[in-house]
Amino acid sequence: MKEEKYWLLIAKKITGEASAEELLQLEELLNNNEEWQANMETLQEFWNSRPVNTNTGNGHKSNDAYLAHVNRLKEKAADFEAVVAETEIASSQSPFIEKKPFYKQVAIYAVAATFVAAITLLYLLSGKQEHKNLPIASVKPANEISVGHGSRSRIQLPDGSQVWINSGSSLTYDNFLKSNIREVQLNGEAYFDVVKDPEHPFIVHTSGIDIKVLGTAFNVKAYQSESTIEATLIHGSIEVINKNRPGTPKIMLKPHEKLVYSKYPVSDSRDQRADVVPAEPDAYSITIKPLSKNIADSDIVETAWVYNKLSFEDERFEDLAYKMEKWYNLKINIESEKLKNYKVSGSFVNETPEEALKELQFLMPFSYSIRGNEVKIMRK
Amino acid sequence: MITNAQIQDLLNEIALHNCEKSYKKLFMEMHESLTAFAYSIVKSSEDAEEIVSDFFISIWQRRATLRSIENPRLYFFVGVKNGSLNKLTANGRNKLPNDIEWETSLNSVFFNPEELLLSAEVVKKIMAAVNELPARCKTVFKLVKEEGLRYAEVAKLLDISVKTVEAQMAIALRRIKTHSEFKNQFPELHSLLTQKK
């Protein structure tokens, strides 16, 4: 690979411009090169640093400039200052005028457009609440990004970390303003590429486990409807805390390892799938499985979705159907027990739902009918 | 750095309530960035102040129409760029957008080395490296690093392709890396160590 290309990727990564594909491409490049990794870290650190606050001096300068500007403005716009009284009333009701800390602090971060959109929405909502004289503490900004079935989304967090959110998932976070930790709450599946910042650990909360990171890329799958929570580490290191077994030691995960946490005991009736997989471990237990080595990140089943690829390996048709429901926003009914237990492997990239079904027909003997977004699958 | 959402909030307040407080806030927040940007084109502080002031006058005059700007921050930068080019024309120094001779200075020179794990000496070297970048490259770097503009926004603002922005950023970061390398930080020590090998 040419060095120029390398630098293009590094610059994009550092400035938060890199796509998922580019990030993983860079990951592979840097994987076996400690010197370059160190370079990256130095640059990222430099990039994230903020200027020494020169505001005192320049604030005065801007203030003087404003006074000079107002004099010029009054010559050209007769309606300026004529409305001062009215303005004072309007602005004293305005939600954001007094919220300096919010301003100042948010201003520190570079934010992606999606994030801005989310803030705007919540900001307006919180502004409305404030008009109703609710205590200010209750309007502490929290952002929730929800992604519906059939779509996936990528956001940039206020610290520059990137998150790809899979379908049917939501991510909640405050603006990382006050606390010394960066915390997010995940319901569903997301791939994280976390900006390294040892002083502000990054924590992903799920219903069963907490994952603490210092700067790394990893995938977390924590759908409410599933019996397990999975964390797959692509690079870096993460620490996993089992919330329901407080005494147990933290678990450090190594790159290319997958951690599986089971939420329920086997006999739990909430888990409909448990009866067909009797060998499942106990509730709240954690197992660690290695990923197959030496495959490209885009081919790893756990992270393929980041590349818009629905990947499955030796999977029961019923489980695949469940994935397809989320992926395509469908409702799939398999009307044959025998079909449900067929095991299939493969991947869909740009296939439409119908094309995907046609491909599956090569693997299994079934016919289907589609009505709206409901699919009925019958044995042939 | 003020975000697009915050700018839009202020603009809405100005449009709906003629809110002069918001107008002042907007001016105060953007003034330094915009005058620095105007200066890098017209190279006169006086002209730069006038360009930004003129632009803010037009903001007040057109306030009712400013409630749905797609990208407010970029809008301000583009407005100031156009004002600056007009100024050059008025001064008899007609320039096409692509022929602007940029003269950009970086605020990042003031970056606090204590916040970094790097030594003050290295930070100084890094900044010197950035300051010696070709003018347009430095402008791109400043807009991305200090003004927080996205690659695509910088491309639009400077009438160049995103590919060019990518390339310029790569050049800038590569130079920073070269200047923060061990062998450049401690040349004597480095040559000693490598001689032994």
# chains A, B, ... in the order shown; residues from 1 in each chain; ligands from 1
>>> residues_around(residues="Ile7 in chain B", least_positions_apart="4", cutoff="9 Å", atoms="only C-alpha atoms", output="PyMOL selection string")
chain B and resi 2-3+11-12+26+72-73
>>> residues_around(residues="Phe56 in chain B", least_positions_apart="5", cutoff="9 Å", atoms="only C-alpha atoms", output="PyMOL selection string")
(chain A and resi 69+73) or (chain B and resi 23+27+51+61)
>>> closest_residue(among="A:Trp47, A:Ile241, A:Leu320, A:Glu41", to="Pro198 in chain A", atoms="only C-alpha atoms")
A:Glu41
>>> closest_residue(among="A:Met378, A:Ala304, A:Leu29, A:Leu67", to="chain B", atoms="only C-alpha atoms")
A:Leu67
>>> residues_around(residues="Leu360 in chain A", least_positions_apart="3", cutoff="12 Å", atoms="only C-alpha atoms", output="MDAnalysis selection string")
chainID A and resid 312 317 320:321 324 339 342:348 351 353:357 363:368 377
>>> residues_around(residues="Leu16 in chain B", least_positions_apart="4", cutoff="10 Å", atoms="only C-alpha atoms", output="list in words")
Ala90 of chain A; Leu10, Leu11, Asn12, Arg63, Ala64 and Arg67 of chain B
>>> write_last_selection(atoms="N, CA, C and O atoms", output="PDB file, in the first residue's frame")
ATOM      1  N   ALA A  90     -38.848  39.224  25.558  1.00  0.00           N
ATOM      2  CA  ALA A  90     -38.767  37.990  24.782  1.00  0.00           C
ATOM      3  C   ALA A  90     -37.587  37.143  25.238  1.00  0.00           C
ATOM      4  O   ALA A  90     -37.704  35.953  25.435  1.00  0.00           O
TER       5      ALA A  90
ATOM      6  N   LEU B  10     -30.268  30.657  17.756  1.00  0.00           N
ATOM      7  CA  LEU B  10     -30.104  32.107  17.868  1.00  0.00           C
ATOM      8  C   LEU B  10     -30.800  32.808  16.701  1.00  0.00           C
ATOM      9  O   LEU B  10     -31.506  33.796  16.891  1.00  0.00           O
ATOM     10  N   LEU B  11     -30.618  32.272  15.498  1.00  0.00           N
ATOM     11  CA  LEU B  11     -31.248  32.888  14.325  1.00  0.00           C
ATOM     12  C   LEU B  11     -32.769  32.891  14.461  1.00  0.00           C
ATOM     13  O   LEU B  11     -33.432  33.862  14.111  1.00  0.00           O
ATOM     14  N   ASN B  12     -33.312  31.788  14.984  1.00  0.00           N
ATOM     15  CA  ASN B  12     -34.764  31.720  15.169  1.00  0.00           C
ATOM     16  C   ASN B  12     -35.233  32.793  16.146  1.00  0.00           C
ATOM     17  O   ASN B  12     -36.249  33.449  15.943  1.00  0.00           O
ATOM     18  N   ARG B  63     -33.317  39.065   8.634  1.00  0.00           N
ATOM     19  CA  ARG B  63     -33.501  38.086   9.706  1.00  0.00           C
ATOM     20  C   ARG B  63     -34.743  37.213   9.545  1.00  0.00           C
ATOM     21  O   ARG B  63     -34.730  36.030   9.899  1.00  0.00           O
ATOM     22  N   ALA B  64     -35.793  37.807   8.978  1.00  0.00           N
ATOM     23  CA  ALA B  64     -37.031  37.041   8.851  1.00  0.00           C
ATOM     24  C   ALA B  64     -36.853  35.826   7.927  1.00  0.00           C
ATOM     25  O   ALA B  64     -37.574  34.837   8.040  1.00  0.00           O
ATOM     26  N   ARG B  67     -34.662  31.456   8.877  1.00  0.00           N
ATOM     27  CA  ARG B  67     -35.100  30.452   9.834  1.00  0.00           C
ATOM     28  C   ARG B  67     -34.861  29.017   9.396  1.00  0.00           C
ATOM     29  O   ARG B  67     -35.007  28.094  10.169  1.00  0.00           O
TER      30      ARG B  67
END
>>> closest_residue(among="B:Leu149, B:Ile160, B:Ile41, B:Thr178", to="Thr89 in chain B", atoms="only C-alpha atoms")
B:Ile41
>>> decode(residues="range 22-53 of chain B", atoms="N, CA, C and O atoms", output="short mmCIF file (atom, residue, chain, number, x, y, z; two decimals), in the first residue's frame")
data_model
loop_
_atom_site.label_atom_id
_atom_site.label_comp_id
_atom_site.auth_asym_id
_atom_site.auth_seq_id
_atom_site.Cartn_x
_atom_site.Cartn_y
_atom_site.Cartn_z
N SER B 22 -29.73 37.73 21.46
CA SER B 22 -29.29 36.60 20.65
C SER B 22 -28.38 37.07 19.52
O SER B 22 -27.40 36.42 19.17
N TYR B 23 -28.74 38.23 18.96
CA TYR B 23 -27.95 38.80 17.88
C TYR B 23 -26.54 39.10 18.37
O TYR B 23 -25.55 38.77 17.72
N LYS B 24 -26.46 39.68 19.55
CA LYS B 24 -25.15 39.98 20.11
C LYS B 24 -24.37 38.70 20.39
O LYS B 24 -23.19 38.60 20.08
N LYS B 25 -25.06 37.74 20.95
CA LYS B 25 -24.42 36.46 21.27
C LYS B 25 -23.83 35.83 20.00
O LYS B 25 -22.71 35.35 19.98
N LEU B 26 -24.65 35.84 18.94
CA LEU B 26 -24.20 35.27 17.67
C LEU B 26 -22.96 36.01 17.16
O LEU B 26 -21.98 35.40 16.73
N PHE B 27 -23.00 37.32 17.25
CA PHE B 27 -21.87 38.11 16.81
C PHE B 27 -20.62 37.76 17.62
O PHE B 27 -19.55 37.49 17.07
N MET B 28 -20.79 37.74 18.94
CA MET B 28 -19.65 37.46 19.82
C MET B 28 -19.07 36.07 19.57
O MET B 28 -17.86 35.88 19.60
N GLU B 29 -19.94 35.11 19.32
CA GLU B 29 -19.48 33.74 19.11
C GLU B 29 -18.72 33.57 17.79
O GLU B 29 -17.81 32.77 17.69
N MET B 30 -19.17 34.29 16.77
CA MET B 30 -18.62 34.06 15.43
C MET B 30 -17.54 35.07 15.05
O MET B 30 -16.80 34.86 14.10
N HIS B 31 -17.47 36.16 15.76
CA HIS B 31 -16.64 37.29 15.35
C HIS B 31 -15.18 36.91 15.09
O HIS B 31 -14.62 37.17 14.04
N GLU B 32 -14.59 36.23 16.07
CA GLU B 32 -13.17 35.92 15.97
C GLU B 32 -12.87 35.01 14.77
O GLU B 32 -11.98 35.28 13.97
N SER B 33 -13.67 33.95 14.64
CA SER B 33 -13.47 33.02 13.53
C SER B 33 -13.64 33.71 12.19
O SER B 33 -12.84 33.52 11.27
N LEU B 34 -14.70 34.50 12.09
CA LEU B 34 -15.03 35.10 10.79
C LEU B 34 -14.03 36.20 10.41
O LEU B 34 -13.64 36.28 9.24
N THR B 35 -13.61 37.02 11.38
CA THR B 35 -12.62 38.06 11.01
C THR B 35 -11.29 37.40 10.63
O THR B 35 -10.63 37.85 9.69
N ALA B 36 -10.93 36.34 11.35
CA ALA B 36 -9.68 35.65 10.99
C ALA B 36 -9.77 35.10 9.57
O ALA B 36 -8.82 35.18 8.79
N PHE B 37 -10.95 34.57 9.24
CA PHE B 37 -11.13 34.01 7.90
C PHE B 37 -11.11 35.11 6.84
O PHE B 37 -10.44 34.98 5.80
N ALA B 38 -11.80 36.21 7.12
CA ALA B 38 -11.79 37.33 6.18
C ALA B 38 -10.36 37.87 6.01
O ALA B 38 -9.89 38.14 4.90
N TYR B 39 -9.65 37.96 7.13
CA TYR B 39 -8.27 38.45 7.08
C TYR B 39 -7.40 37.58 6.19
O TYR B 39 -6.57 38.09 5.42
N SER B 40 -7.60 36.28 6.26
CA SER B 40 -6.74 35.39 5.47
C SER B 40 -6.95 35.62 3.97
O SER B 40 -6.12 35.23 3.17
N ILE B 41 -8.03 36.28 3.59
CA ILE B 41 -8.26 36.60 2.18
C ILE B 41 -7.84 38.03 1.86
O ILE B 41 -7.10 38.27 0.90
N VAL B 42 -8.29 39.00 2.68
CA VAL B 42 -8.04 40.40 2.33
C VAL B 42 -6.74 40.96 2.94
O VAL B 42 -6.24 41.99 2.50
N LYS B 43 -6.23 40.28 3.96
CA LYS B 43 -4.96 40.65 4.62
C LYS B 43 -4.96 42.07 5.17
O LYS B 43 -3.94 42.77 5.10
N SER B 44 -6.10 42.52 5.66
CA SER B 44 -6.16 43.81 6.34
C SER B 44 -7.18 43.67 7.47
O SER B 44 -8.32 43.28 7.24
N SER B 45 -6.74 43.94 8.71
CA SER B 45 -7.64 43.77 9.86
C SER B 45 -8.84 44.69 9.74
O SER B 45 -9.97 44.30 10.04
N GLU B 46 -8.59 45.92 9.29
CA GLU B 46 -9.66 46.90 9.15
C GLU B 46 -10.73 46.41 8.17
O GLU B 46 -11.92 46.42 8.48
N ASP B 47 -10.26 45.97 7.01
CA ASP B 47 -11.19 45.44 6.01
C ASP B 47 -11.93 44.22 6.54
O ASP B 47 -13.14 44.07 6.34
N ALA B 48 -11.20 43.36 7.24
CA ALA B 48 -11.82 42.13 7.76
C ALA B 48 -12.97 42.48 8.71
O ALA B 48 -14.06 41.91 8.63
N GLU B 49 -12.73 43.44 9.62
CA GLU B 49 -13.77 43.86 10.55
C GLU B 49 -15.00 44.38 9.80
O GLU B 49 -16.13 44.08 10.14
N GLU B 50 -14.72 45.18 8.77
CA GLU B 50 -15.81 45.79 8.01
C GLU B 50 -16.63 44.72 7.28
O GLU B 50 -17.87 44.79 7.24
N ILE B 51 -15.95 43.74 6.72
CA ILE B 51 -16.64 42.68 5.98
C ILE B 51 -17.58 41.92 6.91
O ILE B 51 -18.75 41.67 6.60
N VAL B 52 -17.06 41.57 8.11
CA VAL B 52 -17.88 40.81 9.06
C VAL B 52 -19.05 41.67 9.55
O VAL B 52 -20.19 41.20 9.64
N SER B 53 -18.76 42.95 9.82
CA SER B 53 -19.81 43.86 10.26
C SER B 53 -20.90 43.99 9.18
O SER B 53 -22.09 43.90 9.47
#
